[in-house]
$ cat entry-v9.cif   # mmCIF, C-alpha atoms and all ligand atoms
data_data
#
loop_
_atom_site.group_PDB
_atom_site.id
_atom_site.type_symbol
_atom_site.label_atom_id
_atom_site.label_comp_id
_atom_site.auth_asym_id
_atom_site.auth_seq_id
_atom_site.Cartn_x
_atom_site.Cartn_y
_atom_site.Cartn_z
ATOM 1 C CA MET K 783 -17.211 -19.845 23.918
ATOM 2 C CA THR K 784 -13.913 -19.181 25.615
ATOM 3 C CA VAL K 785 -10.417 -19.599 24.271
ATOM 4 C CA THR K 786 -7.539 -20.970 26.317
ATOM 5 C CA LEU K 787 -4.367 -19.799 24.654
ATOM 6 C CA PRO K 788 -1.573 -22.365 24.372
ATOM 7 C CA ALA K 789 1.878 -21.807 25.887
ATOM 8 C CA PHE K 790 3.963 -20.003 23.282
ATOM 9 C CA PRO K 791 5.978 -20.626 21.194
ATOM 10 C CA ILE K 792 3.808 -22.941 19.128
ATOM 11 C CA HIS K 793 4.669 -24.576 15.821
ATOM 12 C CA GLY K 794 3.129 -25.678 12.589
ATOM 13 C CA GLY K 795 3.877 -26.469 9.012
ATOM 14 C CA CYS K 796 2.675 -27.858 5.725
ATOM 15 C CA ALA K 797 1.404 -31.374 5.118
ATOM 16 C CA CYS K 798 4.691 -32.724 3.695
ATOM 17 C CA GLY K 799 6.944 -31.089 6.299
ATOM 18 C CA ALA K 800 9.060 -29.062 3.863
ATOM 19 C CA ILE K 801 7.898 -25.807 5.493
ATOM 20 C CA ARG K 802 7.874 -25.296 9.265
ATOM 21 C CA TYR K 803 7.151 -22.164 11.258
ATOM 22 C CA GLU K 804 7.038 -20.857 14.810
ATOM 23 C CA VAL K 805 4.532 -18.491 16.429
ATOM 24 C CA SER K 806 6.071 -16.816 19.462
ATOM 25 C CA GLY K 807 3.081 -14.956 20.904
ATOM 26 C CA ALA K 808 -0.685 -14.575 20.962
ATOM 27 C CA PRO K 809 -2.541 -13.774 17.731
ATOM 28 C CA ILE K 810 -4.688 -10.693 17.077
ATOM 29 C CA GLY K 811 -7.693 -12.968 16.609
ATOM 30 C CA VAL K 812 -9.151 -15.909 14.736
ATOM 31 C CA PHE K 813 -11.975 -15.693 12.208
ATOM 32 C CA ALA K 814 -13.653 -17.834 9.584
ATOM 33 C CA CYS K 815 -14.406 -16.769 6.025
ATOM 34 C CA CYS K 816 -17.185 -18.449 4.044
ATOM 35 C CA CYS K 817 -16.635 -16.530 0.786
ATOM 36 C CA THR K 818 -16.705 -18.598 -2.375
ATOM 37 C CA ASP K 819 -12.996 -17.963 -2.974
ATOM 38 C CA CYS K 820 -12.176 -19.448 0.429
ATOM 39 C CA GLN K 821 -14.415 -22.423 -0.296
ATOM 40 C CA LYS K 822 -12.553 -22.926 -3.566
ATOM 41 C CA LEU K 823 -9.099 -22.426 -2.047
ATOM 42 C CA THR K 824 -9.735 -24.837 0.828
ATOM 43 C CA GLY K 825 -11.984 -27.290 -0.993
ATOM 44 C CA ALA K 826 -14.078 -27.030 2.158
ATOM 45 C CA ALA K 827 -16.840 -24.889 3.698
ATOM 46 C CA PHE K 828 -14.750 -21.990 4.946
ATOM 47 C CA SER K 829 -11.213 -20.938 5.695
ATOM 48 C CA LEU K 830 -9.844 -20.109 9.116
ATOM 49 C CA ALA K 831 -7.600 -17.083 9.436
ATOM 50 C CA MET K 832 -5.366 -16.023 12.300
ATOM 51 C CA PRO K 833 -3.819 -12.576 11.935
ATOM 52 C CA LEU K 834 -0.750 -12.002 14.046
ATOM 53 C CA LEU K 835 2.085 -9.547 14.320
ATOM 54 C CA ARG K 836 4.807 -10.389 11.832
ATOM 55 C CA GLU K 837 7.420 -10.181 14.601
ATOM 56 C CA ARG K 838 5.664 -13.127 16.260
ATOM 57 C CA PHE K 839 5.944 -15.299 13.154
ATOM 58 C CA ALA K 840 9.105 -16.960 11.867
ATOM 59 C CA LEU K 841 9.789 -19.594 9.246
ATOM 60 C CA THR K 842 12.044 -22.269 10.715
ATOM 61 C CA ARG K 843 12.373 -24.543 7.678
ATOM 62 C CA GLY K 844 11.914 -24.068 3.935
ATOM 63 C CA GLU K 845 10.718 -21.123 1.875
ATOM 64 C CA PRO K 846 7.102 -21.038 0.712
ATOM 65 C CA ALA K 847 6.155 -20.178 -2.838
ATOM 66 C CA THR K 848 3.929 -17.168 -3.596
ATOM 67 C CA TRP K 849 0.726 -16.842 -5.555
ATOM 68 C CA ALA K 850 -0.637 -13.316 -5.955
ATOM 69 C CA ARG K 851 -4.412 -13.641 -5.550
ATOM 70 C CA THR K 852 -6.599 -10.760 -6.708
ATOM 71 C CA ALA K 853 -9.493 -10.394 -4.268
ATOM 72 C CA GLU K 854 -12.986 -9.235 -5.247
ATOM 73 C CA SER K 855 -12.013 -5.817 -3.930
ATOM 74 C CA GLY K 856 -9.217 -5.683 -6.510
ATOM 75 C CA ARG K 857 -6.535 -5.885 -3.864
ATOM 76 C CA VAL K 858 -3.696 -8.285 -4.596
ATOM 77 C CA ILE K 859 -2.965 -10.504 -1.606
ATOM 78 C CA PRO K 860 0.172 -12.665 -1.742
ATOM 79 C CA GLN K 861 -0.669 -16.253 -0.761
ATOM 80 C CA ARG K 862 2.247 -18.265 0.585
ATOM 81 C CA PHE K 863 2.088 -22.018 0.114
ATOM 82 C CA CYS K 864 4.280 -25.110 0.006
ATOM 83 C CA GLU K 865 5.465 -25.760 -3.518
ATOM 84 C CA ASP K 866 5.797 -29.481 -2.844
ATOM 85 C CA CYS K 867 2.454 -30.369 -1.242
ATOM 86 C CA GLY K 868 0.337 -27.300 -2.007
ATOM 87 C CA THR K 869 -0.622 -26.518 1.602
ATOM 88 C CA ARG K 870 -1.627 -22.867 2.021
ATOM 89 C CA LEU K 871 0.228 -21.514 5.028
ATOM 90 C CA PHE K 872 -0.264 -17.762 5.325
ATOM 91 C CA THR K 873 -1.036 -14.564 3.472
ATOM 92 C CA GLU K 874 0.621 -11.187 3.629
ATOM 93 C CA PRO K 875 -2.128 -8.562 3.810
ATOM 94 C CA PRO K 876 -1.108 -5.500 1.767
ATOM 95 C CA ARG K 877 -3.063 -3.225 4.137
ATOM 96 C CA GLY K 878 -1.145 -4.492 7.157
ATOM 97 C CA PRO K 879 2.536 -5.008 6.342
ATOM 98 C CA GLN K 880 3.260 -5.466 10.045
ATOM 99 C CA THR K 881 1.036 -8.568 10.169
ATOM 100 C CA VAL K 882 0.715 -11.959 8.551
ATOM 101 C CA THR K 883 -2.508 -13.953 8.371
ATOM 102 C CA LEU K 884 -1.807 -17.552 9.233
ATOM 103 C CA ARG K 885 -3.985 -20.479 8.106
ATOM 104 C CA PRO K 886 -4.229 -21.896 11.627
ATOM 105 C CA GLY K 887 -5.334 -25.345 10.476
ATOM 106 C CA THR K 888 -1.622 -25.800 9.701
ATOM 107 C CA LEU K 889 -0.728 -25.567 13.415
ATOM 108 C CA ASP K 890 0.449 -28.790 15.048
ATOM 109 C CA ASP K 891 -2.216 -28.293 17.750
ATOM 110 C CA THR K 892 -5.516 -26.890 16.505
ATOM 111 C CA GLY K 893 -7.572 -27.896 19.531
ATOM 112 C CA TRP K 894 -7.669 -24.427 21.099
ATOM 113 C CA LEU K 895 -8.890 -22.559 17.999
ATOM 114 C CA VAL K 896 -12.326 -20.910 18.074
ATOM 115 C CA PRO K 897 -13.318 -18.227 15.557
ATOM 116 C CA ALA K 898 -14.452 -14.922 17.032
ATOM 117 C CA ALA K 899 -16.240 -13.999 13.798
ATOM 118 C CA ALA K 900 -17.407 -15.431 10.498
ATOM 119 C CA PHE K 901 -17.294 -13.372 7.288
ATOM 120 C CA TRP K 902 -19.349 -13.812 4.114
ATOM 121 C CA THR K 903 -22.148 -15.792 5.748
ATOM 122 C CA SER K 904 -24.228 -14.741 2.703
ATOM 123 C CA SER K 905 -22.347 -17.329 0.632
ATOM 124 C CA ALA K 906 -21.941 -19.984 3.354
ATOM 125 C CA GLN K 907 -22.992 -23.567 2.662
ATOM 126 C CA GLY K 908 -26.439 -24.156 4.134
ATOM 127 C CA TRP K 909 -25.349 -26.409 6.976
ATOM 128 C CA THR K 910 -22.585 -24.118 8.237
ATOM 129 C CA GLY K 911 -23.032 -22.977 11.824
ATOM 130 C CA PHE K 912 -20.889 -21.184 14.365
ATOM 131 C CA PRO K 913 -20.948 -21.133 18.175
ATOM 132 C CA GLU K 914 -23.300 -18.726 19.934
ATOM 133 C CA GLY K 915 -21.632 -15.359 20.333
ATOM 134 C CA THR K 916 -19.667 -15.567 17.088
ATOM 135 C CA LEU K 917 -19.867 -12.227 15.262
ATOM 136 C CA LEU K 918 -21.543 -12.903 11.925
ATOM 137 C CA TYR K 919 -21.008 -10.684 8.886
ATOM 138 C CA GLU K 920 -22.883 -11.110 5.620
ATOM 139 C CA ARG K 921 -19.807 -9.689 3.892
ATOM 140 C CA GLU K 922 -16.500 -8.477 5.305
ATOM 141 C CA PRO K 923 -16.524 -5.977 8.175
ATOM 142 C CA ASP K 924 -15.349 -2.490 7.265
ATOM 143 C CA ASP K 925 -13.910 -2.198 10.746
ATOM 144 C CA PHE K 926 -11.911 -5.123 12.122
ATOM 145 C CA MET K 927 -11.802 -3.782 15.706
ATOM 146 C CA PRO K 928 -15.076 -5.450 16.859
ATOM 147 C CA VAL K 929 -13.569 -8.790 15.829
ATOM 148 C CA VAL K 930 -10.438 -8.079 17.879
ATOM 149 C CA GLN K 931 -12.596 -7.027 20.838
ATOM 150 C CA ARG K 932 -14.745 -10.171 20.614
ATOM 151 C CA TRP K 933 -11.575 -12.290 20.506
ATOM 152 C CA ARG K 934 -10.238 -10.561 23.630
ATOM 153 C CA GLU K 935 -13.528 -11.170 25.436
ATOM 154 C CA MET K 936 -13.278 -14.870 24.628
ATOM 155 C CA LEU K 937 -9.825 -15.294 26.181
ATOM 156 C CA ALA K 938 -10.219 -17.325 29.333
HETATM 157 ZN ZN ZN A 1 4.694 -29.235 1.955
HETATM 158 ZN ZN ZN A 2 -12.848 -15.687 2.120
#
$ encode --input "entry-v9.cif" --output "structure tokens" --more "lines below"
Ligand SMILES: [Zn+2]
Ligand SMILES: [Zn+2]
Amino acid sequence: MTVTLPAFPIHGGCACGAIRYEVSGAPIGVFACCCTDCQKLTGAAFSLAMPLLRERFALTRGEPATWARTAESGRVIPQRFCEDCGTRLFTEPPRGPQTVTLRPGTLDDTGWLVPAAAFWTSSAQGWTGFPEGTLLYEREPDDFMPVVQRWREMLA
């Protein structure tokens, strides 16, 4: 599949509107994660993640609360969410302080999103499928660069 990037800046926010943000430029990529934590956190089949340079992300209203989630790897990943409605908005990866990982389902327009990769397919719900060409990983990739490259190839 191809991706047609929207005209930046784009905007999004939480379900109740207390938190709003702006994304001023293209993301590094978009991927899905089917790990059981993501299923739990979303109450759904997988999460969508959109890493982007921190300088391209700005809060325009409100201040999200923080929950420090300990991943299976032992790394602590701060999860930022709306205190009022509980919407998860973004995480702050400790390995990449120059990036944030947005939950792109919180964008006002989600129609252009296509994941370049899916992680943790080993724990995916049985019906879950992804478009042909999606990079599939049984766990997490050690090297994120192939995901970035696949994303770049998909840009129309
Ligand atoms: Zn809210
Ligand atoms: Zn996950």
$ closest_residue --input "entry-v9.cif" --among "K:Thr842, K:Thr869, K:Ser829, K:Thr784" --to "ligand ZN 1 (chain A)" --atoms "all atoms listed in the file"
K:Thr869
$ resolve_selection --input "entry-v9.cif" --expression "the PyMOL selection byres (((not hetatm)) within 8 of (chain A and resi 2))" --output "PyMOL selection string"
chain K and resi 814-821+828-829+901-902
$ closest_residue --input "entry-v9.cif" --among "K:Glu845, K:Glu914, K:Glu922, K:Glu874" --to "ligand ZN 1 (chain A)" --atoms "all atoms listed in the file"
K:Glu845
$ axis_aligned_box --input "entry-v9.cif" --around "range 818-832 of chain K" --padding-each-side "5 Å" --output "AutoDock Vina command-line options"
--center_x -11.1 --center_y -21.7 --center_z 4.4 --size_x 21.5 --size_y 21.3 --size_z 25.9
$ residues_around --input "entry-v9.cif" --residues "Phe863 in chain K" --least-positions-apart "5" --cutoff "6 Å" --atoms "all atoms listed in the file" --output "PyMOL selection string"
chain K and resi 846-847+868-871
$ closest_atom_pairs --input "entry-v9.cif" --of "chain K" --to "ligand ZN 1 (chain A)" --cutoff "7 Å" --atoms "only C-alpha atoms and all ligand atoms" --output "JSON lines"
{"residue": "K:Cys796", "atom": "CA", "partner": "A:ZN1", "partner_atom": "ZN", "distance": 4.5}
{"residue": "K:Ala797", "atom": "CA", "partner": "A:ZN1", "partner_atom": "ZN", "distance": 5.0}
{"residue": "K:Cys798", "atom": "CA", "partner": "A:ZN1", "partner_atom": "ZN", "distance": 3.9}
{"residue": "K:Gly799", "atom": "CA", "partner": "A:ZN1", "partner_atom": "ZN", "distance": 5.2}
{"residue": "K:Ala800", "atom": "CA", "partner": "A:ZN1", "partner_atom": "ZN", "distance": 4.8}
{"residue": "K:Ile801", "atom": "CA", "partner": "A:ZN1", "partner_atom": "ZN", "distance": 5.9}
{"residue": "K:Cys864", "atom": "CA", "partner": "A:ZN1", "partner_atom": "ZN", "distance": 4.6}
{"residue": "K:Glu865", "atom": "CA", "partner": "A:ZN1", "partner_atom": "ZN", "distance": 6.5}
{"residue": "K:Asp866", "atom": "CA", "partner": "A:ZN1", "partner_atom": "ZN", "distance": 4.9}
{"residue": "K:Cys867", "atom": "CA", "partner": "A:ZN1", "partner_atom": "ZN", "distance": 4.1}
{"residue": "K:Gly868", "atom": "CA", "partner": "A:ZN1", "partner_atom": "ZN", "distance": 6.2}
{"residue": "K:Thr869", "atom": "CA", "partner": "A:ZN1", "partner_atom": "ZN", "distance": 6.0}
$ resolve_selection --input "entry-v9.cif" --expression "the PyMOL selection byres (((chain K and resi 929) around 9) and not hetatm)" --output "ChimeraX atom specification"
/K:811-813,898-899,917,923,925-928,930-934
$ residues_around --input "entry-v9.cif" --residues "Leu884 in chain K" --least-positions-apart "4" --cutoff "10 Å" --atoms "all atoms listed in the file" --output "number ranges by chain"
K: 805, 809, 812, 830-834, 839, 862, 870-874, 888-889
$ residues_near_point --input "entry-v9.cif" --point "(7.0, -10.4, 14.0)" --cutoff "9 Å" --atoms "only C-alpha atoms" --output "JSON, numbers by chain"
{"K": [805, 806, 834, 835, 836, 837, 838, 839, 840, 880, 881, 882]}
$ atom_distance --input "entry-v9.cif" --atom1 "CA of Ala906 in chain K" --atom2 "CA of Leu823 in chain K"
14.1 Å
$ closest_residue --input "entry-v9.cif" --among "K:Pro876, K:Asp924, K:Ala827, K:Asp891" --to "Ser905 in chain K" --atoms "all atoms listed in the file"
K:Ala827
$ atom_distance --input "entry-v9.cif" --atom1 "CA of Glu804 in chain K" --atom2 "CA of Arg877 in chain K"
23.0 Å
$ atom_distance --input "entry-v9.cif" --atom1 "CA of Gly825 in chain K" --atom2 "CA of Leu841 in chain K"
25.3 Å
